[in-house]
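*Asks:* Below is the structure I would like to discuss, written out as structure tokens.
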Amino acid sequence: MKVIKEKHPLLMRWTHWVNFPILTIMIWSGLLIYWANDTYTFTLFGVTFIRFFPQGFYDALHIPKRLAEGMAFHFLFMWFFALNGFLYVMYTIISGQWRELVPNRHSFKEAWLVVLHDLHIRKMAPPQNKYNAAQRIAYTAIIVMGFGSLITGLAIYKPVQFNYLAWICGGYHLARIWHFVLTIGYVLFFLVHVVQVVLAGWNNFRSVISGFEVIDEKPQPVIQIQNDETNQKAE
């Protein structure tokens, strides 16, 4: 018997879908800014062996000479990114949804079992409620990463006014490196997330849009117990 079950509240779905275009714009504009000072290379004895992004990458995406455009978009949408993240975190705290998201003491062990199941090495998946152990760790990590991006971004944006944030990050240059590493983390998370959504199937994807999922529930057998009087009448 198919049953419709509520899964994702409206505000969590809203912030989830709003975050996607915001992050896309942030990453794109960040690339425009990064090209102006493309310093991350593997250099030995004055010889550069590897550049993180080759010149052809910038040429293919028409990135060169768009620093002002990148800064304008990045510094505008960072406020939408911060506000959207703030709403998401506050809602999970107030509504109690954080209990479904935050990892527990068994999550790291069970997350490994989830990975083995996804790789078809283990047949049975570990038990889960709304999210499995791997999702708990990933979704909590992405919140921490968002907070880290905000701190490092402000340290880069206003290193004098927010000098204490730059100090916490280890200085301006280290803050820039952390900001860059976190961006790479978002891209990797997004790729894995899309693959997991495809593997989970349409029902799971639909629940993130509508907030409901359709599940199969086996009907409970009805046992009729007749009392002694009924048995005597039947005889």
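Residue names in the structure tokens use chain letters A, B, ... in the order shown, residue numbers from 1 in each chain, and ligand numbers from 1 in the order shown.
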Please identify all polymer residues within 12 Å of Val115 in chain A, counting only C-alpha atoms, omitting same-chain residues fewer than 3 positions from it, and present them as a PyMOL selection string.
*Replies:* chain A and resi 108-112+118-126+132-135+192+196
*Asks:* From a DSSP pass on the backbone, collect the residues of range 8-121 of chain A flagged as strand (DSSP E) and hand them back as an MDAnalysis selection string.
*Replies:* chainID A and resid 41:44 47:51
*Asks:* Pull all heavy atoms from the residues just selected and write them as a PDB file, in the first residue's frame.
*Replies:*
```pdb
ATOM      1  N   THR A  41      50.439  27.647  -7.832  1.00  0.00           N
ATOM      2  CA  THR A  41      51.176  26.807  -8.774  1.00  0.00           C
ATOM      3  C   THR A  41      52.103  25.876  -8.011  1.00  0.00           C
ATOM      4  O   THR A  41      52.319  26.035  -6.804  1.00  0.00           O
ATOM      5  CB  THR A  41      52.039  27.663  -9.727  1.00  0.00           C
ATOM      6  OG1 THR A  41      52.992  28.411  -8.946  1.00  0.00           O
ATOM      7  CG2 THR A  41      51.182  28.624 -10.530  1.00  0.00           C
ATOM      8  N   PHE A  42      52.647  24.896  -8.729  1.00  0.00           N
ATOM      9  CA  PHE A  42      53.700  24.051  -8.172  1.00  0.00           C
ATOM     10  C   PHE A  42      55.006  24.488  -8.815  1.00  0.00           C
ATOM     11  O   PHE A  42      55.262  24.225  -9.977  1.00  0.00           O
ATOM     12  CB  PHE A  42      53.426  22.573  -8.458  1.00  0.00           C
ATOM     13  CG  PHE A  42      54.512  21.659  -7.941  1.00  0.00           C
ATOM     14  CD1 PHE A  42      54.651  21.425  -6.589  1.00  0.00           C
ATOM     15  CD2 PHE A  42      55.396  21.050  -8.822  1.00  0.00           C
ATOM     16  CE1 PHE A  42      55.654  20.596  -6.111  1.00  0.00           C
ATOM     17  CE2 PHE A  42      56.394  20.212  -8.362  1.00  0.00           C
ATOM     18  CZ  PHE A  42      56.524  19.986  -6.991  1.00  0.00           C
ATOM     19  N   THR A  43      55.806  25.213  -8.035  1.00  0.00           N
ATOM     20  CA  THR A  43      57.046  25.787  -8.544  1.00  0.00           C
ATOM     21  C   THR A  43      58.228  25.239  -7.762  1.00  0.00           C
ATOM     22  O   THR A  43      58.206  25.194  -6.525  1.00  0.00           O
ATOM     23  CB  THR A  43      57.022  27.327  -8.444  1.00  0.00           C
ATOM     24  OG1 THR A  43      55.875  27.817  -9.148  1.00  0.00           O
ATOM     25  CG2 THR A  43      58.278  27.931  -9.041  1.00  0.00           C
ATOM     26  N   LEU A  44      59.270  24.845  -8.478  1.00  0.00           N
ATOM     27  CA  LEU A  44      60.470  24.303  -7.854  1.00  0.00           C
ATOM     28  C   LEU A  44      61.696  24.923  -8.521  1.00  0.00           C
ATOM     29  O   LEU A  44      61.847  24.848  -9.751  1.00  0.00           O
ATOM     30  CB  LEU A  44      60.507  22.771  -7.997  1.00  0.00           C
ATOM     31  CG  LEU A  44      61.590  22.029  -7.211  1.00  0.00           C
ATOM     32  CD1 LEU A  44      61.396  22.234  -5.710  1.00  0.00           C
ATOM     33  CD2 LEU A  44      61.568  20.539  -7.544  1.00  0.00           C
ATOM     34  N   VAL A  47      61.089  27.211 -11.390  1.00  0.00           N
ATOM     35  CA  VAL A  47      60.437  26.657 -12.576  1.00  0.00           C
ATOM     36  C   VAL A  47      59.032  26.203 -12.202  1.00  0.00           C
ATOM     37  O   VAL A  47      58.853  25.399 -11.278  1.00  0.00           O
ATOM     38  CB  VAL A  47      61.233  25.466 -13.160  1.00  0.00           C
ATOM     39  CG1 VAL A  47      60.522  24.898 -14.382  1.00  0.00           C
ATOM     40  CG2 VAL A  47      62.642  25.902 -13.510  1.00  0.00           C
ATOM     41  N   THR A  48      58.017  26.719 -12.914  1.00  0.00           N
ATOM     42  CA  THR A  48      56.625  26.352 -12.657  1.00  0.00           C
ATOM     43  C   THR A  48      56.271  25.111 -13.468  1.00  0.00           C
ATOM     44  O   THR A  48      56.320  25.124 -14.696  1.00  0.00           O
ATOM     45  CB  THR A  48      55.679  27.504 -13.032  1.00  0.00           C
ATOM     46  OG1 THR A  48      56.002  28.657 -12.245  1.00  0.00           O
ATOM     47  CG2 THR A  48      54.227  27.112 -12.773  1.00  0.00           C
ATOM     48  N   PHE A  49      55.917  24.044 -12.740  1.00  0.00           N
ATOM     49  CA  PHE A  49      55.580  22.780 -13.397  1.00  0.00           C
ATOM     50  C   PHE A  49      54.070  22.635 -13.610  1.00  0.00           C
ATOM     51  O   PHE A  49      53.623  22.127 -14.635  1.00  0.00           O
ATOM     52  CB  PHE A  49      56.098  21.600 -12.565  1.00  0.00           C
ATOM     53  CG  PHE A  49      57.587  21.518 -12.499  1.00  0.00           C
ATOM     54  CD1 PHE A  49      58.281  22.103 -11.445  1.00  0.00           C
ATOM     55  CD2 PHE A  49      58.304  20.869 -13.482  1.00  0.00           C
ATOM     56  CE1 PHE A  49      59.662  22.021 -11.379  1.00  0.00           C
ATOM     57  CE2 PHE A  49      59.685  20.772 -13.421  1.00  0.00           C
ATOM     58  CZ  PHE A  49      60.367  21.356 -12.373  1.00  0.00           C
ATOM     59  N   ILE A  50      53.293  23.075 -12.630  1.00  0.00           N
ATOM     60  CA  ILE A  50      51.837  22.917 -12.703  1.00  0.00           C
ATOM     61  C   ILE A  50      51.169  24.206 -12.272  1.00  0.00           C
ATOM     62  O   ILE A  50      51.502  24.773 -11.233  1.00  0.00           O
ATOM     63  CB  ILE A  50      51.352  21.753 -11.797  1.00  0.00           C
ATOM     64  CG1 ILE A  50      51.972  20.428 -12.229  1.00  0.00           C
ATOM     65  CG2 ILE A  50      49.825  21.654 -11.835  1.00  0.00           C
ATOM     66  CD1 ILE A  50      51.638  19.285 -11.303  1.00  0.00           C
ATOM     67  N   ARG A  51      50.234  24.676 -13.076  1.00  0.00           N
ATOM     68  CA  ARG A  51      49.343  25.754 -12.686  1.00  0.00           C
ATOM     69  C   ARG A  51      47.986  25.139 -12.371  1.00  0.00           C
ATOM     70  O   ARG A  51      47.555  24.209 -13.047  1.00  0.00           O
ATOM     71  CB  ARG A  51      49.199  26.785 -13.804  1.00  0.00           C
ATOM     72  CG  ARG A  51      50.495  27.464 -14.205  1.00  0.00           C
ATOM     73  CD  ARG A  51      50.220  28.608 -15.153  1.00  0.00           C
ATOM     74  NE  ARG A  51      49.534  29.703 -14.476  1.00  0.00           N
ATOM     75  CZ  ARG A  51      50.153  30.661 -13.795  1.00  0.00           C
ATOM     76  NH1 ARG A  51      51.473  30.654 -13.708  1.00  0.00           N
ATOM     77  NH2 ARG A  51      49.467  31.619 -13.217  1.00  0.00           N
TER      78      ARG A  51
END
```
*Asks:* Show which residues sit within 8 Å of range 8-21 of chain A, as a list in words. Count only C-alpha atoms, and ignore same-chain residues fewer than 6 positions away.
*Replies:*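 Residues near the query, excluding close chain neighbours: Phe81, Asn84, Gly85, Leu87, Tyr88, Tyr91, Ser207, Val208, Ile209, Gly211 and Phe212 of chain A.
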*Asks:* Go ahead and save the picked residues with N, CA and C atoms, as an mmCIF file, in the first residue's frame.
*Replies:*
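Okay, again.cif is ready:
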```cif
data_model
loop_
_atom_site.group_PDB
_atom_site.id
_atom_site.type_symbol
_atom_site.label_atom_id
_atom_site.label_comp_id
_atom_site.auth_asym_id
_atom_site.auth_seq_id
_atom_site.Cartn_x
_atom_site.Cartn_y
_atom_site.Cartn_z
ATOM 1 N N PHE A 81 24.074 34.924 0.167
ATOM 2 C CA PHE A 81 24.603 33.650 0.651
ATOM 3 C C PHE A 81 24.568 33.598 2.177
ATOM 4 N N ASN A 84 20.792 33.576 3.437
ATOM 5 C CA ASN A 84 20.163 32.278 3.189
ATOM 6 C C ASN A 84 20.680 31.225 4.169
ATOM 7 N N GLY A 85 21.972 31.234 4.410
ATOM 8 C CA GLY A 85 22.551 30.300 5.373
ATOM 9 C C GLY A 85 22.069 30.559 6.782
ATOM 10 N N LEU A 87 19.151 31.893 7.683
ATOM 11 C CA LEU A 87 17.768 31.419 7.778
ATOM 12 C C LEU A 87 17.716 29.907 7.942
ATOM 13 N N TYR A 88 18.550 29.201 7.175
ATOM 14 C CA TYR A 88 18.562 27.738 7.228
ATOM 15 C C TYR A 88 18.985 27.250 8.618
ATOM 16 N N TYR A 91 16.372 28.106 11.346
ATOM 17 C CA TYR A 91 15.174 27.279 11.258
ATOM 18 C C TYR A 91 15.432 25.873 11.793
ATOM 19 N N SER A 207 10.710 14.562 -3.377
ATOM 20 C CA SER A 207 10.466 15.001 -2.009
ATOM 21 C C SER A 207 11.158 16.330 -1.701
ATOM 22 N N VAL A 208 12.274 16.610 -2.392
ATOM 23 C CA VAL A 208 12.969 17.881 -2.185
ATOM 24 C C VAL A 208 12.227 19.026 -2.867
ATOM 25 N N ILE A 209 11.370 18.703 -3.828
ATOM 26 C CA ILE A 209 10.571 19.728 -4.518
ATOM 27 C C ILE A 209 9.223 19.918 -3.826
ATOM 28 N N GLY A 211 8.164 18.223 -0.940
ATOM 29 C CA GLY A 211 8.186 18.053 0.512
ATOM 30 C C GLY A 211 7.614 16.733 0.966
ATOM 31 N N PHE A 212 7.106 15.934 0.019
ATOM 32 C CA PHE A 212 6.507 14.654 0.370
ATOM 33 C C PHE A 212 7.163 13.527 -0.428
#
```
*Asks:* When you look at Ala138 in chain A with a cut-off of 10 Å (counting only C-alpha atoms), what residues show up, excluding the ones that are within fewer than 4 positions of it in the same chain? I need them as a list in words.
*Replies:*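 Everything that qualifies: Leu101, Val102, Pro103, Ala111, Ala133, Ala134, Ile142, Ile143, Val144, Phe189 and His193 of chain A.
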*Asks:* Could you write out that same residue set with all heavy atoms as a CSV table (one decimal), in the first residue's frame?
*Replies:*
```csv
chain,number,residue,atom,x,y,z
A,101,LEU,N,20.0,16.2,11.5
A,101,LEU,CA,21.1,16.5,10.6
A,101,LEU,C,22.5,16.3,11.3
A,101,LEU,O,23.4,15.9,10.7
A,101,LEU,CB,21.0,18.0,10.2
A,101,LEU,CG,20.0,18.3,9.2
A,101,LEU,CD1,19.7,19.8,9.1
A,101,LEU,CD2,20.4,17.8,7.8
A,102,VAL,N,22.5,16.6,12.6
A,102,VAL,CA,23.8,16.6,13.3
A,102,VAL,C,24.3,15.1,13.5
A,102,VAL,O,23.5,14.3,13.9
A,102,VAL,CB,23.8,17.3,14.6
A,102,VAL,CG1,25.1,17.2,15.4
A,102,VAL,CG2,23.4,18.8,14.4
A,103,PRO,N,25.5,14.8,13.2
A,103,PRO,CA,26.0,13.4,13.4
A,103,PRO,C,26.0,13.0,14.8
A,103,PRO,O,26.1,13.9,15.7
A,103,PRO,CB,27.4,13.4,12.8
A,103,PRO,CG,27.5,14.6,12.0
A,103,PRO,CD,26.5,15.6,12.5
A,111,ALA,N,28.6,5.7,8.4
A,111,ALA,CA,28.9,6.3,7.2
A,111,ALA,C,29.8,5.4,6.3
A,111,ALA,O,29.6,5.4,5.0
A,111,ALA,CB,29.6,7.7,7.4
A,133,ALA,N,23.8,8.2,7.8
A,133,ALA,CA,25.0,8.7,8.5
A,133,ALA,C,25.9,9.5,7.6
A,133,ALA,O,26.4,10.6,8.0
A,133,ALA,CB,25.8,7.5,9.1
A,134,ALA,N,26.1,9.1,6.4
A,134,ALA,CA,26.9,9.8,5.5
A,134,ALA,C,26.3,11.2,5.1
A,134,ALA,O,27.0,12.2,5.0
A,134,ALA,CB,27.1,9.0,4.2
A,142,ILE,N,28.9,20.9,5.3
A,142,ILE,CA,28.6,22.0,4.3
A,142,ILE,C,28.2,23.2,5.1
A,142,ILE,O,28.5,24.3,4.6
A,142,ILE,CB,27.6,21.6,3.3
A,142,ILE,CG1,27.8,22.3,2.0
A,142,ILE,CG2,26.2,21.7,3.8
A,142,ILE,CD1,29.0,22.0,1.2
A,143,ILE,N,27.5,23.1,6.2
A,143,ILE,CA,27.2,24.2,7.0
A,143,ILE,C,28.4,24.9,7.6
A,143,ILE,O,28.6,26.1,7.6
A,143,ILE,CB,26.2,23.8,8.1
A,143,ILE,CG1,24.8,23.4,7.5
A,143,ILE,CG2,25.9,25.0,9.1
A,143,ILE,CD1,23.9,22.8,8.5
A,144,VAL,N,29.3,24.0,8.1
A,144,VAL,CA,30.6,24.5,8.7
A,144,VAL,C,31.4,25.2,7.6
A,144,VAL,O,32.0,26.2,7.9
A,144,VAL,CB,31.4,23.3,9.4
A,144,VAL,CG1,32.7,23.8,9.9
A,144,VAL,CG2,30.6,22.7,10.5
A,189,PHE,N,31.6,18.6,-3.4
A,189,PHE,CA,30.3,18.2,-2.7
A,189,PHE,C,29.1,18.2,-3.7
A,189,PHE,O,28.3,17.3,-3.7
A,189,PHE,CB,30.0,19.2,-1.6
A,189,PHE,CG,28.6,19.0,-1.0
A,189,PHE,CD1,28.5,18.1,0.0
A,189,PHE,CD2,27.5,19.7,-1.4
A,189,PHE,CE1,27.2,17.9,0.6
A,189,PHE,CE2,26.3,19.5,-0.8
A,189,PHE,CZ,26.1,18.6,0.2
A,193,HIS,N,26.9,15.1,-4.6
A,193,HIS,CA,25.5,15.2,-4.3
A,193,HIS,C,24.6,14.9,-5.5
A,193,HIS,O,23.6,14.2,-5.3
A,193,HIS,CB,25.3,16.7,-3.8
A,193,HIS,CG,23.9,16.9,-3.3
A,193,HIS,ND1,23.4,16.2,-2.2
A,193,HIS,CD2,22.9,17.8,-3.7
A,193,HIS,CE1,22.2,16.7,-2.0
A,193,HIS,NE2,21.9,17.6,-2.9
```
*Asks:* Identify all residues of range 33-162 of chain A in helix (DSSP H, G or I) (DSSP on the backbone) and supply them as a VMD selection string.
*Replies:* chain A and resid 33 to 35 55 to 60 67 to 95 98 to 101 107 to 118 133 to 157
*Asks:* Which value, in Å to one decimal, gives the distance between CA of Ala155 in chain A and CA of Trp167 in chain A?
*Replies:*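 Result for CA of Ala155 in chain A versus CA of Trp167 in chain A: 8.5 Å, one decimal.
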*Asks:* From the list A:Leu150, A:Trp202, A:Leu174, A:Pro54, which residue is nearest Trp79 in chain A when using only C-alpha atoms?
*Replies:*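 Closest candidate: A:Leu150.
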*Asks:* Would you compute the distance between CA of Asn203 in chain A and CA of Ile4 in chain A? Give it in Å to one decimal.
*Replies:*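 Between these atoms lies a distance of 10.8 Å.
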*Asks:* Would you mind telling me which residue in A:Tyr157, A:Phe86, A:Trp35, A:Phe147 lies nearest to Tyr172 in chain A when using only C-alpha atoms?
*Replies:*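 Looking at the shortest contact to Tyr172 in chain A, the residue is A:Tyr157.
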